[in-house]
Each structure stands twice: as C-alpha cells, then as structure tokens.
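Next comes entry_13.cif, with mmCIF, C-alpha atoms.
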data_work
#
loop_
_atom_site.group_PDB
_atom_site.id
_atom_site.type_symbol
_atom_site.label_atom_id
_atom_site.label_comp_id
_atom_site.auth_asym_id
_atom_site.auth_seq_id
_atom_site.Cartn_x
_atom_site.Cartn_y
_atom_site.Cartn_z
ATOM 1 C CA MET A 149 23.207 23.056 59.187
ATOM 2 C CA ALA A 150 23.026 22.042 55.534
ATOM 3 C CA ASN A 151 20.678 23.929 53.237
ATOM 4 C CA LEU A 152 17.911 21.430 52.403
ATOM 5 C CA THR A 153 14.741 21.507 50.313
ATOM 6 C CA LYS A 154 11.329 20.635 51.776
ATOM 7 C CA ASP A 155 11.735 16.985 50.710
ATOM 8 C CA LYS A 156 15.122 16.795 52.485
ATOM 9 C CA ARG A 157 17.279 17.099 49.357
ATOM 10 C CA PHE A 158 20.523 19.036 49.411
ATOM 11 C CA LYS A 159 20.180 22.262 47.462
ATOM 12 C CA LYS A 160 22.515 22.395 44.492
ATOM 13 C CA ASP A 161 22.705 24.451 41.335
ATOM 14 C CA TYR A 162 22.505 21.651 38.753
ATOM 15 C CA SER A 163 23.658 22.403 35.227
ATOM 16 C CA LYS A 164 21.909 21.045 32.171
ATOM 17 C CA ARG A 165 24.757 18.586 31.697
ATOM 18 C CA ASP A 166 24.338 17.347 35.288
ATOM 19 C CA ILE A 167 20.625 16.791 34.755
ATOM 20 C CA ILE A 168 21.115 15.000 31.427
ATOM 21 C CA ASP A 169 23.659 12.619 32.982
ATOM 22 C CA TYR A 170 21.329 12.114 35.944
ATOM 23 C CA LEU A 171 18.371 11.210 33.692
ATOM 24 C CA LYS A 172 20.490 8.779 31.695
ATOM 25 C CA GLY A 173 21.581 7.126 34.930
ATOM 26 C CA ILE A 174 17.983 6.691 36.092
ATOM 27 C CA GLU A 175 17.035 5.273 32.696
ATOM 28 C CA LYS A 176 19.734 2.601 33.084
ATOM 29 C CA ILE A 177 18.488 1.711 36.549
ATOM 30 C CA LEU A 178 14.816 1.511 35.538
ATOM 31 C CA GLY A 179 15.420 0.041 32.092
ATOM 32 C CA ARG A 180 13.030 2.563 30.576
ATOM 33 C CA VAL A 181 12.364 6.291 30.260
ATOM 34 C CA PRO A 182 11.654 7.718 33.732
ATOM 35 C CA SER A 183 8.633 9.822 34.615
ATOM 36 C CA SER A 184 8.973 13.071 36.546
ATOM 37 C CA ARG A 185 7.326 11.497 39.605
ATOM 38 C CA GLU A 186 9.964 8.788 39.760
ATOM 39 C CA LEU A 187 12.722 11.347 40.356
ATOM 40 C CA LYS A 188 11.524 11.586 43.950
ATOM 41 C CA ASN A 189 12.768 8.034 44.501
ATOM 42 C CA PHE A 190 16.369 8.954 43.638
ATOM 43 C CA PRO A 191 18.835 11.422 45.161
ATOM 44 C CA GLY A 192 19.497 14.353 42.863
ATOM 45 C CA PRO A 193 17.620 17.241 41.236
ATOM 46 C CA ALA A 194 13.896 17.535 41.880
ATOM 47 C CA PRO A 195 11.389 17.492 38.985
ATOM 48 C CA SER A 196 10.862 21.233 39.462
ATOM 49 C CA THR A 197 14.606 21.809 38.981
ATOM 50 C CA VAL A 198 14.543 19.841 35.738
ATOM 51 C CA THR A 199 11.559 21.758 34.346
ATOM 52 C CA ARG A 200 13.075 25.057 35.462
ATOM 53 C CA ARG A 201 16.241 24.297 33.496
ATOM 54 C CA PHE A 202 14.540 22.888 30.369
ATOM 55 C CA ARG A 203 11.121 24.625 30.571
ATOM 56 C CA LEU A 204 9.374 21.269 29.917
ATOM 57 C CA TRP A 205 9.961 17.743 31.204
ATOM 58 C CA SER A 206 9.748 16.462 27.635
ATOM 59 C CA ASN A 207 12.508 18.880 26.575
ATOM 60 C CA ALA A 208 14.809 17.438 29.229
ATOM 61 C CA LEU A 209 14.147 13.884 28.043
ATOM 62 C CA LYS A 210 14.774 14.843 24.426
ATOM 63 C CA GLU A 211 18.064 16.501 25.363
ATOM 64 C CA ALA A 212 19.016 13.253 27.097
ATOM 65 C CA GLY A 213 18.169 11.317 23.914
ATOM 66 C CA MET A 214 14.998 9.778 25.331
ATOM 67 C CA ARG A 215 11.535 9.649 23.797
ATOM 68 C CA PRO A 216 9.069 11.580 25.994
ATOM 69 C CA GLN A 217 6.039 9.722 24.646
ATOM 70 C CA THR A 218 5.576 6.867 22.189
ATOM 71 C CA HIS A 219 4.136 9.179 19.505
ATOM 72 C CA GLN A 220 6.860 11.835 19.613
ATOM 73 C CA LEU A 221 9.797 11.906 17.228
ATOM 74 C CA LEU A 222 13.255 12.958 18.329
ATOM 75 C CA THR A 223 15.734 15.295 16.630
ATOM 76 C CA GLY A 224 16.873 13.802 13.325
ATOM 77 C CA GLU A 225 14.103 11.199 13.110
ATOM 78 C CA ARG A 226 11.893 13.345 10.897
ATOM 79 C CA SER A 227 14.785 13.724 8.469
ATOM 80 C CA PHE A 228 15.312 9.956 8.572
ATOM 81 C CA ILE A 229 11.673 9.391 7.580
ATOM 82 C CA ARG A 230 11.855 11.919 4.728
ATOM 83 C CA MET A 231 15.033 10.289 3.392
ATOM 84 C CA ASN A 232 13.825 6.670 3.622
ATOM 85 C CA TRP A 233 10.033 6.555 3.248
ATOM 86 C CA ARG A 234 10.225 5.467 -0.405
ATOM 87 C CA GLU A 235 12.794 2.687 0.087
ATOM 88 C CA MET A 236 11.582 1.355 3.449
ATOM 89 C CA THR A 237 8.145 0.244 4.622
ATOM 90 C CA ASP A 238 6.453 2.071 7.500
ATOM 91 C CA LYS A 239 7.028 -0.989 9.672
ATOM 92 C CA GLU A 240 10.761 -1.049 8.900
ATOM 93 C CA ILE A 241 11.116 2.657 9.705
ATOM 94 C CA ALA A 242 9.090 2.234 12.899
ATOM 95 C CA ASN A 243 11.272 -0.657 14.047
ATOM 96 C CA LYS A 244 14.411 1.299 13.246
ATOM 97 C CA LEU A 245 13.276 4.339 15.252
ATOM 98 C CA GLY A 246 11.576 2.407 18.035
ATOM 99 C CA VAL A 247 8.098 3.865 17.530
ATOM 100 C CA THR A 248 4.778 2.469 16.383
ATOM 101 C CA GLU A 249 3.867 2.207 12.705
ATOM 102 C CA VAL A 250 1.001 4.644 13.295
ATOM 103 C CA VAL A 251 3.515 7.394 14.153
ATOM 104 C CA ILE A 252 5.217 7.016 10.766
ATOM 105 C CA LYS A 253 1.913 7.043 8.866
ATOM 106 C CA TYR A 254 0.726 10.081 10.809
ATOM 107 C CA TYR A 255 3.947 11.957 10.015
ATOM 108 C CA ARG A 256 3.753 11.087 6.301
ATOM 109 C CA MET A 257 0.136 12.237 6.071
ATOM 110 C CA ASN A 258 0.987 15.577 7.658
ATOM 111 C CA TYR A 259 3.843 16.135 5.199
ATOM 112 C CA ASN A 260 2.060 14.717 2.131
ATOM 113 C CA LEU A 261 4.457 11.792 1.751
ATOM 114 C CA TRP A 262 1.948 9.483 0.092
ATOM 115 C CA LYS A 263 3.566 6.055 0.198
ATOM 116 C CA ASN A 264 0.623 4.159 -1.264
ATOM 117 C CA ARG A 265 0.906 6.088 -4.522
ATOM 118 C CA LYS A 266 4.619 6.842 -4.718
ATOM 119 C CA GLY A 267 4.106 10.022 -6.697
ATOM 120 C CA THR A 268 1.704 8.633 -9.332
ATOM 121 C CA SER A 269 -1.123 10.756 -7.917
ATOM 122 C CA LYS A 270 0.445 13.897 -9.401
ATOM 123 C CA SER A 271 -2.086 16.106 -11.107
ATOM 124 C CA THR A 272 -0.319 15.599 -14.451
ATOM 125 C CA TYR A 273 -1.050 11.842 -14.409
ATOM 126 C CA ARG A 274 -4.603 12.358 -13.211
ATOM 127 C CA LYS A 275 -5.349 14.948 -15.892
ATOM 128 C CA ARG A 276 -3.856 12.674 -18.510
ATOM 129 C CA ALA A 277 -6.051 9.769 -17.380
ATOM 130 C CA PHE A 278 -9.232 11.841 -17.647
ATOM 131 C CA LYS A 279 -8.139 13.225 -21.004
ATOM 132 C CA LEU A 280 -7.551 9.714 -22.370
ATOM 133 C CA TYR A 281 -10.626 7.964 -21.003
ATOM 134 C CA GLY A 282 -13.123 10.775 -20.469
ATOM 135 C CA GLU A 283 -14.776 12.236 -17.399
ATOM 136 C CA LYS A 284 -17.490 9.603 -17.075
ATOM 137 C CA CYS A 285 -17.359 6.120 -15.614
ATOM 138 C CA GLU A 286 -16.264 3.774 -18.392
ATOM 139 C CA ILE A 287 -18.753 1.153 -17.203
ATOM 140 C CA CYS A 288 -21.989 2.902 -16.251
ATOM 141 C CA GLY A 289 -21.476 6.444 -17.573
ATOM 142 C CA ILE A 290 -21.969 8.247 -14.247
ATOM 143 C CA GLU A 291 -20.133 11.589 -14.245
ATOM 144 C CA ILE A 292 -19.022 11.278 -10.615
ATOM 145 C CA CYS A 293 -15.857 9.322 -11.226
ATOM 146 C CA GLU A 294 -12.392 8.461 -9.977
ATOM 147 C CA TRP A 295 -9.058 7.482 -11.456
ATOM 148 C CA HIS A 296 -8.192 3.816 -10.868
ATOM 149 C CA HIS A 297 -4.921 1.899 -11.312
ATOM 150 C CA ILE A 298 -5.580 -1.560 -12.734
ATOM 151 C CA LYS A 299 -1.983 -2.362 -11.836
ATOM 152 C CA PRO A 300 -1.042 -0.630 -8.560
ATOM 153 C CA LYS A 301 1.267 2.390 -8.868
ATOM 154 C CA SER A 302 1.674 1.959 -12.626
ATOM 155 C CA ILE A 303 2.376 5.079 -14.673
ATOM 156 C CA ASP A 304 1.481 3.302 -17.919
ATOM 157 C CA PRO A 305 -1.854 4.672 -19.271
ATOM 158 C CA LYS A 306 -2.797 1.129 -20.360
ATOM 159 C CA ASP A 307 -3.066 0.282 -16.665
ATOM 160 C CA TRP A 308 -5.489 3.107 -15.840
ATOM 161 C CA CYS A 309 -9.237 3.481 -16.071
ATOM 162 C CA ILE A 310 -11.982 5.888 -14.982
ATOM 163 C CA LEU A 311 -14.683 4.475 -12.703
ATOM 164 C CA CYS A 312 -17.526 5.792 -10.580
ATOM 165 C CA PRO A 313 -17.313 5.168 -6.803
ATOM 166 C CA LEU A 314 -19.549 2.071 -7.038
ATOM 167 C CA CYS A 315 -17.649 0.427 -9.883
ATOM 168 C CA HIS A 316 -14.404 1.434 -8.215
ATOM 169 C CA ALA A 317 -15.488 -0.203 -4.940
ATOM 170 C CA VAL A 318 -16.385 -3.438 -6.737
ATOM 171 C CA VAL A 319 -12.841 -3.601 -8.111
ATOM 172 C CA THR A 320 -10.967 -2.506 -4.989
ATOM 173 C CA LYS A 321 -12.949 -4.931 -2.800
ATOM 174 C CA LYS A 322 -12.038 -7.643 -5.328
ATOM 175 C CA LEU A 323 -15.630 -8.670 -5.998
ATOM 176 C CA ILE A 324 -14.417 -8.774 -9.589
ATOM 177 C CA ILE A 325 -10.740 -9.245 -10.446
ATOM 178 C CA ILE A 326 -9.577 -6.877 -13.192
ATOM 179 C CA ASN A 327 -6.167 -7.605 -14.727
ATOM 180 C CA ASN A 328 -6.330 -5.366 -17.806
ATOM 181 C CA ARG A 329 -8.572 -2.898 -19.609
ATOM 182 C CA GLU A 330 -10.254 -5.684 -21.597
ATOM 183 C CA ASP A 331 -11.589 -7.126 -18.333
ATOM 184 C CA LEU A 332 -13.524 -3.909 -17.741
ATOM 185 C CA LYS A 333 -16.015 -4.788 -20.490
ATOM 186 C CA SER A 334 -15.896 -8.565 -20.236
ATOM 187 C CA LYS A 335 -16.043 -8.928 -16.425
ATOM 188 C CA LEU A 336 -16.929 -5.701 -14.661
ATOM 189 C CA MET A 337 -19.701 -4.448 -16.943
ATOM 190 C CA PRO A 338 -21.857 -7.634 -16.701
ATOM 191 C CA PHE A 339 -21.453 -7.611 -12.922
ATOM 192 C CA ILE A 340 -22.536 -3.971 -12.640
ATOM 193 C CA LYS A 341 -25.535 -4.529 -14.927
ATOM 194 C CA GLU A 342 -26.734 -7.332 -12.658
ATOM 195 C CA ALA A 343 -26.087 -5.212 -9.579
ATOM 196 C CA TYR A 344 -28.225 -2.358 -10.907
ATOM 197 C CA LYS A 345 -31.057 -4.786 -11.726
ATOM 198 C CA ALA A 346 -31.169 -5.776 -8.077
ATOM 199 C CA ILE A 347 -31.498 -2.165 -6.896
ATOM 200 C CA ASP A 348 -35.088 -1.153 -6.214
ATOM 201 C CA PHE A 349 -35.297 2.589 -6.872
#
Will you turn the file into structure tokens for me?
Amino acid sequence: MANLTKDKRFKKDYSKRDIIDYLKGIEKILGRVPSSRELKNFPGPAPSTVTRRFRLWSNALKEAGMRPQTHQLLTGERSFIRMNWREMTDKEIANKLGVTEVVIKYYRMNYNLWKNRKGTSKSTYRKRAFKLYGEKCEICGIEICEWHHIKPKSIDPKDWCILCPLCHAVVTKKLIIINNREDLKSKLMPFIKEAYKAIDF
C-alpha cells in the first residue's frame, strides 16, 4: 500500500527546485500568485511541505519570482529604485515593478530618498538661505520660520525666501502667486496685513 498523507497525497521528498517549479506551474494555471490554501486543490507538495523547506510561505514565493503581497519588494527591486528614483517618477517605477505608487514612496521615505526636493534640502543650502535672508519671516517678522523655494527645486538664492508657517501656507496653497522676490513685498505683504486685521485676538 502506498505511503499517503492524511489528505491522500503521495509522500515525496520535494526539493526546493521541485517546489519552485510547482508554484510557477500553479501561477500559470491561476493567472496570479497562488495562496497557500489553494495548494490543496492541486496534486503536489502540501503547504506545510513548502513552509518546511523555505521557513515561510512568502520566502517560497520570492524564490519562485513571485510577489508575496502587493507592498513587498522582490530581490533587486530596491536597487532598481535607488538607481532610478531621480530620473523616473514614482508612478513610472511602480508600473515597471508592478507595485502601487505608495510602495515606492514608502521605500523612499524610509531611505531618505527625497524626490520632491532632489537634494536641495541639504543643510548647506538651508543654512545659506537663513544666512542671506535672516532667521525671521521676511513678511511679518515672526521668528518661527521656514525656508521656501519661490521656484521649485531651484538652488539659486534669488529663488529662495524665509517665511513663517502662515505666510508659507498662503504661498503654497496659491492664495497669492509669487513668481519672484519682488512679489513678496508687492503681493504677499498686503495680503498678510489684511489677514491679520481680520484676526480677533
């Protein structure tokens, strides 16, 4: 009598290569990455055999070149992001790797790959901005202030200014459009003066 498992499968000592080929075959049949439960619908190694060989179900899928979950990156994909994050948008990288855009943003944040600033947030630029324009808001004089790029990502000091969070928010929310440093006095300052008049302290 053949040696069978409790679920009537033939007992066999499957190698890692056997399991990887088996998982790839199931993926072709299903048209997607299989779950461990779905292995019971196909003849071959049981889920417990797979996890015994690879320690984790996700490890087995990765070895087979499959993505265990939508938010997980496979071997080599992290390197791809690090090599291309400056030249490609998050959406382009996500499409290339077959993951969501959120995965790429999450990875960049964890490794300090700040795409929105492309390196212009270096302390040397920030210190230079405060040295040039002071450590007070150029509009209202409040000492709680931030460095703002009039032209996004510019490393030209003529395109920088120092603003408090309120003045900064007015600009970033485009309540007032600032195209150059001259506009700070001619457009932003009158707006802020009116805004402060309306505040009832």
Need the shell around segment 332-349 of chain A: protein/DNA/RNA residues with any atom at most 10 Å away, counting all atoms listed in the file. Skip same-chain ones fewer than 3 positions apart. Format as a CSV table (one decimal) with C-alpha atoms, in the coordinates of the input?
chain,number,residue,atom,x,y,z
A,286,GLU,CA,-16.3,3.8,-18.4
A,287,ILE,CA,-18.8,1.2,-17.2
A,288,CYS,CA,-22.0,2.9,-16.3
A,298,ILE,CA,-5.6,-1.6,-12.7
A,309,CYS,CA,-9.2,3.5,-16.1
A,311,LEU,CA,-14.7,4.5,-12.7
A,314,LEU,CA,-19.5,2.1,-7.0
A,315,CYS,CA,-17.6,0.4,-9.9
A,316,HIS,CA,-14.4,1.4,-8.2
A,318,VAL,CA,-16.4,-3.4,-6.7
A,319,VAL,CA,-12.8,-3.6,-8.1
A,323,LEU,CA,-15.6,-8.7,-6.0
A,324,ILE,CA,-14.4,-8.8,-9.6
A,325,ILE,CA,-10.7,-9.2,-10.4
A,326,ILE,CA,-9.6,-6.9,-13.2
A,327,ASN,CA,-6.2,-7.6,-14.7
A,328,ASN,CA,-6.3,-5.4,-17.8
A,329,ARG,CA,-8.6,-2.9,-19.6
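Atom to atom, atom CA of Asp161 of chain A and atom CA of Thr223 of chain A stand 27.3 Å apart.
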Listed atoms of segment 251-263 of chain A, axis-aligned box, 4 Å per side: centre and edge lengths to one decimal in Å, as JSON?
{"center_x": 2.7, "center_y": 11.1, "center_z": 7.1, "size_x": 13.1, "size_y": 18.1, "size_z": 22.1}
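Put simply, the PyMOL selection byres ((chain A and resi 239-250) around 10) on this file hits Arg215, Gln217, Thr218, His219, Gln220, Leu221, Leu222, Glu225, Phe228, Ile229, Asn232, Trp233, Glu235, Met236, Thr237, Asp238, Val251, Ile252, Lys253, Tyr254, Tyr255 and Arg256 of chain A.
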d(atom CA of Leu261 of chain A, atom CA of Ile303 of chain A) in Å: 17.9 Å
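The residues returned by the PyMOL selection byres ((chain A and resi 183) around 12) for this structure are Leu171, Ile174, Glu175, Leu178, Arg180, Val181, Pro182, Ser184, Arg185, Glu186, Leu187, Lys188, Asn189, Phe190, Ala194, Pro195, Val198, Trp205, Ser206, Ala208, Leu209, Met214, Arg215, Pro216 and Gln217 of chain A.
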Take the residues that were just selected and, keeping C-alpha atoms, output them as a PDB file, in the coordinates of the input.
ATOM      1  CA  LEU A 171      18.371  11.210  33.692  1.00  0.00           C
ATOM      2  CA  ILE A 174      17.983   6.691  36.092  1.00  0.00           C
ATOM      3  CA  GLU A 175      17.035   5.273  32.696  1.00  0.00           C
ATOM      4  CA  LEU A 178      14.816   1.511  35.538  1.00  0.00           C
ATOM      5  CA  ARG A 180      13.030   2.563  30.576  1.00  0.00           C
ATOM      6  CA  VAL A 181      12.364   6.291  30.260  1.00  0.00           C
ATOM      7  CA  PRO A 182      11.654   7.718  33.732  1.00  0.00           C
ATOM      8  CA  SER A 184       8.973  13.071  36.546  1.00  0.00           C
ATOM      9  CA  ARG A 185       7.326  11.497  39.605  1.00  0.00           C
ATOM     10  CA  GLU A 186       9.964   8.788  39.760  1.00  0.00           C
ATOM     11  CA  LEU A 187      12.722  11.347  40.356  1.00  0.00           C
ATOM     12  CA  LYS A 188      11.524  11.586  43.950  1.00  0.00           C
ATOM     13  CA  ASN A 189      12.768   8.034  44.501  1.00  0.00           C
ATOM     14  CA  PHE A 190      16.369   8.954  43.638  1.00  0.00           C
ATOM     15  CA  ALA A 194      13.896  17.535  41.880  1.00  0.00           C
ATOM     16  CA  PRO A 195      11.389  17.492  38.985  1.00  0.00           C
ATOM     17  CA  VAL A 198      14.543  19.841  35.738  1.00  0.00           C
ATOM     18  CA  TRP A 205       9.961  17.743  31.204  1.00  0.00           C
ATOM     19  CA  SER A 206       9.748  16.462  27.635  1.00  0.00           C
ATOM     20  CA  ALA A 208      14.809  17.438  29.229  1.00  0.00           C
ATOM     21  CA  LEU A 209      14.147  13.884  28.043  1.00  0.00           C
ATOM     22  CA  MET A 214      14.998   9.778  25.331  1.00  0.00           C
ATOM     23  CA  ARG A 215      11.535   9.649  23.797  1.00  0.00           C
ATOM     24  CA  PRO A 216       9.069  11.580  25.994  1.00  0.00           C
ATOM     25  CA  GLN A 217       6.039   9.722  24.646  1.00  0.00           C
TER      26      GLN A 217
END
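When atom CA of Asp304 of chain A is paired with atom CA of Leu280 of chain A, their separation reads 11.9 Å.
Look at segment 283-285 of chain A: the protein and nucleic acid residues within 9 Å of it, using all atoms listed in the file and passing over chain neighbours fewer than 2 places away, are Phe278, Lys279, Tyr281, Ile287, Cys288, Gly289, Ile290, Glu291, Ile292, Cys293, Glu294, Cys309, Ile310, Leu311, Cys312, Pro313 and Cys315 of chain A.
Selection result for the displayed file, with the PyMOL selection byres ((chain A and resi 168) around 12) as criterion, is Tyr162, Ser163, Lys164, Arg165, Asp166, Ile167, Asp169, Tyr170, Leu171, Lys172, Gly173, Ile174, Glu175, Gly192, Pro193, Val198, Arg201, Phe202, Trp205, Asn207, Ala208, Leu209, Lys210, Glu211, Ala212, Gly213 and Met214 of chain A.
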Neighbour list for His297 of chain A as a PDB file with C-alpha atoms, keeping the file's coordinate frame, cut-off 9 Å, all atoms listed in the file, skip fewer than 2 positions in-chain:
ATOM      1  CA  TRP A 295      -9.058   7.482 -11.456  1.00  0.00           C
ATOM      2  CA  LYS A 299      -1.983  -2.362 -11.836  1.00  0.00           C
ATOM      3  CA  PRO A 300      -1.042  -0.630  -8.560  1.00  0.00           C
ATOM      4  CA  LYS A 301       1.267   2.390  -8.868  1.00  0.00           C
ATOM      5  CA  SER A 302       1.674   1.959 -12.626  1.00  0.00           C
ATOM      6  CA  ILE A 303       2.376   5.079 -14.673  1.00  0.00           C
ATOM      7  CA  PRO A 305      -1.854   4.672 -19.271  1.00  0.00           C
ATOM      8  CA  ASP A 307      -3.066   0.282 -16.665  1.00  0.00           C
ATOM      9  CA  TRP A 308      -5.489   3.107 -15.840  1.00  0.00           C
ATOM     10  CA  CYS A 309      -9.237   3.481 -16.071  1.00  0.00           C
ATOM     11  CA  ILE A 310     -11.982   5.888 -14.982  1.00  0.00           C
TER      12      ILE A 310
END
Rebuild segment 267-295 of chain A to N, CA and C atoms - output it as a PDB file, keeping the file's coordinate frame, please.
ATOM      1  N   GLY A 267       3.970   8.927  -5.743  1.00  0.00           N
ATOM      2  CA  GLY A 267       4.106  10.022  -6.697  1.00  0.00           C
ATOM      3  C   GLY A 267       3.222   9.915  -7.917  1.00  0.00           C
ATOM      4  N   THR A 268       2.516   8.769  -8.127  1.00  0.00           N
ATOM      5  CA  THR A 268       1.704   8.633  -9.332  1.00  0.00           C
ATOM      6  C   THR A 268       0.390   9.386  -9.215  1.00  0.00           C
ATOM      7  N   SER A 269       0.110   9.992  -8.059  1.00  0.00           N
ATOM      8  CA  SER A 269      -1.123  10.756  -7.917  1.00  0.00           C
ATOM      9  C   SER A 269      -0.921  12.213  -8.327  1.00  0.00           C
ATOM     10  N   LYS A 270       0.192  12.531  -8.948  1.00  0.00           N
ATOM     11  CA  LYS A 270       0.445  13.897  -9.401  1.00  0.00           C
ATOM     12  C   LYS A 270      -0.651  14.334 -10.364  1.00  0.00           C
ATOM     13  N   SER A 271      -0.995  15.593 -10.294  1.00  0.00           N
ATOM     14  CA  SER A 271      -2.086  16.106 -11.107  1.00  0.00           C
ATOM     15  C   SER A 271      -1.859  15.859 -12.599  1.00  0.00           C
ATOM     16  N   THR A 272      -0.591  15.815 -13.023  1.00  0.00           N
ATOM     17  CA  THR A 272      -0.319  15.599 -14.451  1.00  0.00           C
ATOM     18  C   THR A 272      -0.811  14.219 -14.896  1.00  0.00           C
ATOM     19  N   TYR A 273      -0.591  13.190 -14.065  1.00  0.00           N
ATOM     20  CA  TYR A 273      -1.050  11.842 -14.409  1.00  0.00           C
ATOM     21  C   TYR A 273      -2.575  11.779 -14.377  1.00  0.00           C
ATOM     22  N   ARG A 274      -3.147  12.379 -13.360  1.00  0.00           N
ATOM     23  CA  ARG A 274      -4.603  12.358 -13.211  1.00  0.00           C
ATOM     24  C   ARG A 274      -5.284  13.048 -14.391  1.00  0.00           C
ATOM     25  N   LYS A 275      -4.777  14.218 -14.757  1.00  0.00           N
ATOM     26  CA  LYS A 275      -5.349  14.948 -15.892  1.00  0.00           C
ATOM     27  C   LYS A 275      -5.216  14.131 -17.175  1.00  0.00           C
ATOM     28  N   ARG A 276      -4.081  13.482 -17.301  1.00  0.00           N
ATOM     29  CA  ARG A 276      -3.856  12.674 -18.510  1.00  0.00           C
ATOM     30  C   ARG A 276      -4.843  11.510 -18.578  1.00  0.00           C
ATOM     31  N   ALA A 277      -5.113  10.894 -17.431  1.00  0.00           N
ATOM     32  CA  ALA A 277      -6.051   9.769 -17.380  1.00  0.00           C
ATOM     33  C   ALA A 277      -7.450  10.213 -17.807  1.00  0.00           C
ATOM     34  N   PHE A 278      -7.902  11.350 -17.289  1.00  0.00           N
ATOM     35  CA  PHE A 278      -9.232  11.841 -17.647  1.00  0.00           C
ATOM     36  C   PHE A 278      -9.287  12.292 -19.105  1.00  0.00           C
ATOM     37  N   LYS A 279      -8.178  12.799 -19.598  1.00  0.00           N
ATOM     38  CA  LYS A 279      -8.139  13.225 -21.004  1.00  0.00           C
ATOM     39  C   LYS A 279      -8.225  12.018 -21.935  1.00  0.00           C
ATOM     40  N   LEU A 280      -7.565  10.926 -21.544  1.00  0.00           N
ATOM     41  CA  LEU A 280      -7.551   9.714 -22.370  1.00  0.00           C
ATOM     42  C   LEU A 280      -8.879   8.969 -22.352  1.00  0.00           C
ATOM     43  N   TYR A 281      -9.470   8.848 -21.155  1.00  0.00           N
ATOM     44  CA  TYR A 281     -10.626   7.964 -21.003  1.00  0.00           C
ATOM     45  C   TYR A 281     -11.928   8.684 -20.672  1.00  0.00           C
ATOM     46  N   GLY A 282     -11.908  10.014 -20.690  1.00  0.00           N
ATOM     47  CA  GLY A 282     -13.123  10.775 -20.469  1.00  0.00           C
ATOM     48  C   GLY A 282     -13.403  11.046 -18.995  1.00  0.00           C
ATOM     49  N   GLU A 283     -14.423  11.850 -18.764  1.00  0.00           N
ATOM     50  CA  GLU A 283     -14.776  12.236 -17.399  1.00  0.00           C
ATOM     51  C   GLU A 283     -16.076  11.594 -16.958  1.00  0.00           C
ATOM     52  N   LYS A 284     -16.352  10.414 -17.490  1.00  0.00           N
ATOM     53  CA  LYS A 284     -17.490   9.603 -17.075  1.00  0.00           C
ATOM     54  C   LYS A 284     -16.982   8.195 -16.770  1.00  0.00           C
ATOM     55  N   CYS A 285     -17.720   7.511 -15.917  1.00  0.00           N
ATOM     56  CA  CYS A 285     -17.359   6.120 -15.614  1.00  0.00           C
ATOM     57  C   CYS A 285     -17.390   5.313 -16.908  1.00  0.00           C
ATOM     58  N   GLU A 286     -16.351   4.561 -17.155  1.00  0.00           N
ATOM     59  CA  GLU A 286     -16.264   3.774 -18.392  1.00  0.00           C
ATOM     60  C   GLU A 286     -17.243   2.612 -18.412  1.00  0.00           C
ATOM     61  N   ILE A 287     -17.833   2.282 -17.278  1.00  0.00           N
ATOM     62  CA  ILE A 287     -18.753   1.153 -17.203  1.00  0.00           C
ATOM     63  C   ILE A 287     -20.208   1.601 -17.236  1.00  0.00           C
ATOM     64  N   CYS A 288     -20.574   2.520 -16.358  1.00  0.00           N
ATOM     65  CA  CYS A 288     -21.989   2.902 -16.251  1.00  0.00           C
ATOM     66  C   CYS A 288     -22.285   4.318 -16.743  1.00  0.00           C
ATOM     67  N   GLY A 289     -21.261   5.112 -17.021  1.00  0.00           N
ATOM     68  CA  GLY A 289     -21.476   6.444 -17.573  1.00  0.00           C
ATOM     69  C   GLY A 289     -21.756   7.540 -16.558  1.00  0.00           C
ATOM     70  N   ILE A 290     -21.732   7.219 -15.265  1.00  0.00           N
ATOM     71  CA  ILE A 290     -21.969   8.247 -14.247  1.00  0.00           C
ATOM     72  C   ILE A 290     -20.816   9.250 -14.259  1.00  0.00           C
ATOM     73  N   GLU A 291     -21.157  10.542 -14.142  1.00  0.00           N
ATOM     74  CA  GLU A 291     -20.133  11.589 -14.245  1.00  0.00           C
ATOM     75  C   GLU A 291     -19.369  11.837 -12.950  1.00  0.00           C
ATOM     76  N   ILE A 292     -19.796  11.223 -11.865  1.00  0.00           N
ATOM     77  CA  ILE A 292     -19.022  11.278 -10.615  1.00  0.00           C
ATOM     78  C   ILE A 292     -18.030  10.114 -10.681  1.00  0.00           C
ATOM     79  N   CYS A 293     -16.785  10.422 -10.960  1.00  0.00           N
ATOM     80  CA  CYS A 293     -15.857   9.322 -11.226  1.00  0.00           C
ATOM     81  C   CYS A 293     -14.481   9.552 -10.624  1.00  0.00           C
ATOM     82  N   GLU A 294     -13.717   8.474 -10.595  1.00  0.00           N
ATOM     83  CA  GLU A 294     -12.392   8.461  -9.977  1.00  0.00           C
ATOM     84  C   GLU A 294     -11.404   7.772 -10.903  1.00  0.00           C
ATOM     85  N   TRP A 295     -10.150   8.092 -10.695  1.00  0.00           N
ATOM     86  CA  TRP A 295      -9.058   7.482 -11.456  1.00  0.00           C
ATOM     87  C   TRP A 295      -8.624   6.205 -10.740  1.00  0.00           C
TER      88      TRP A 295
END
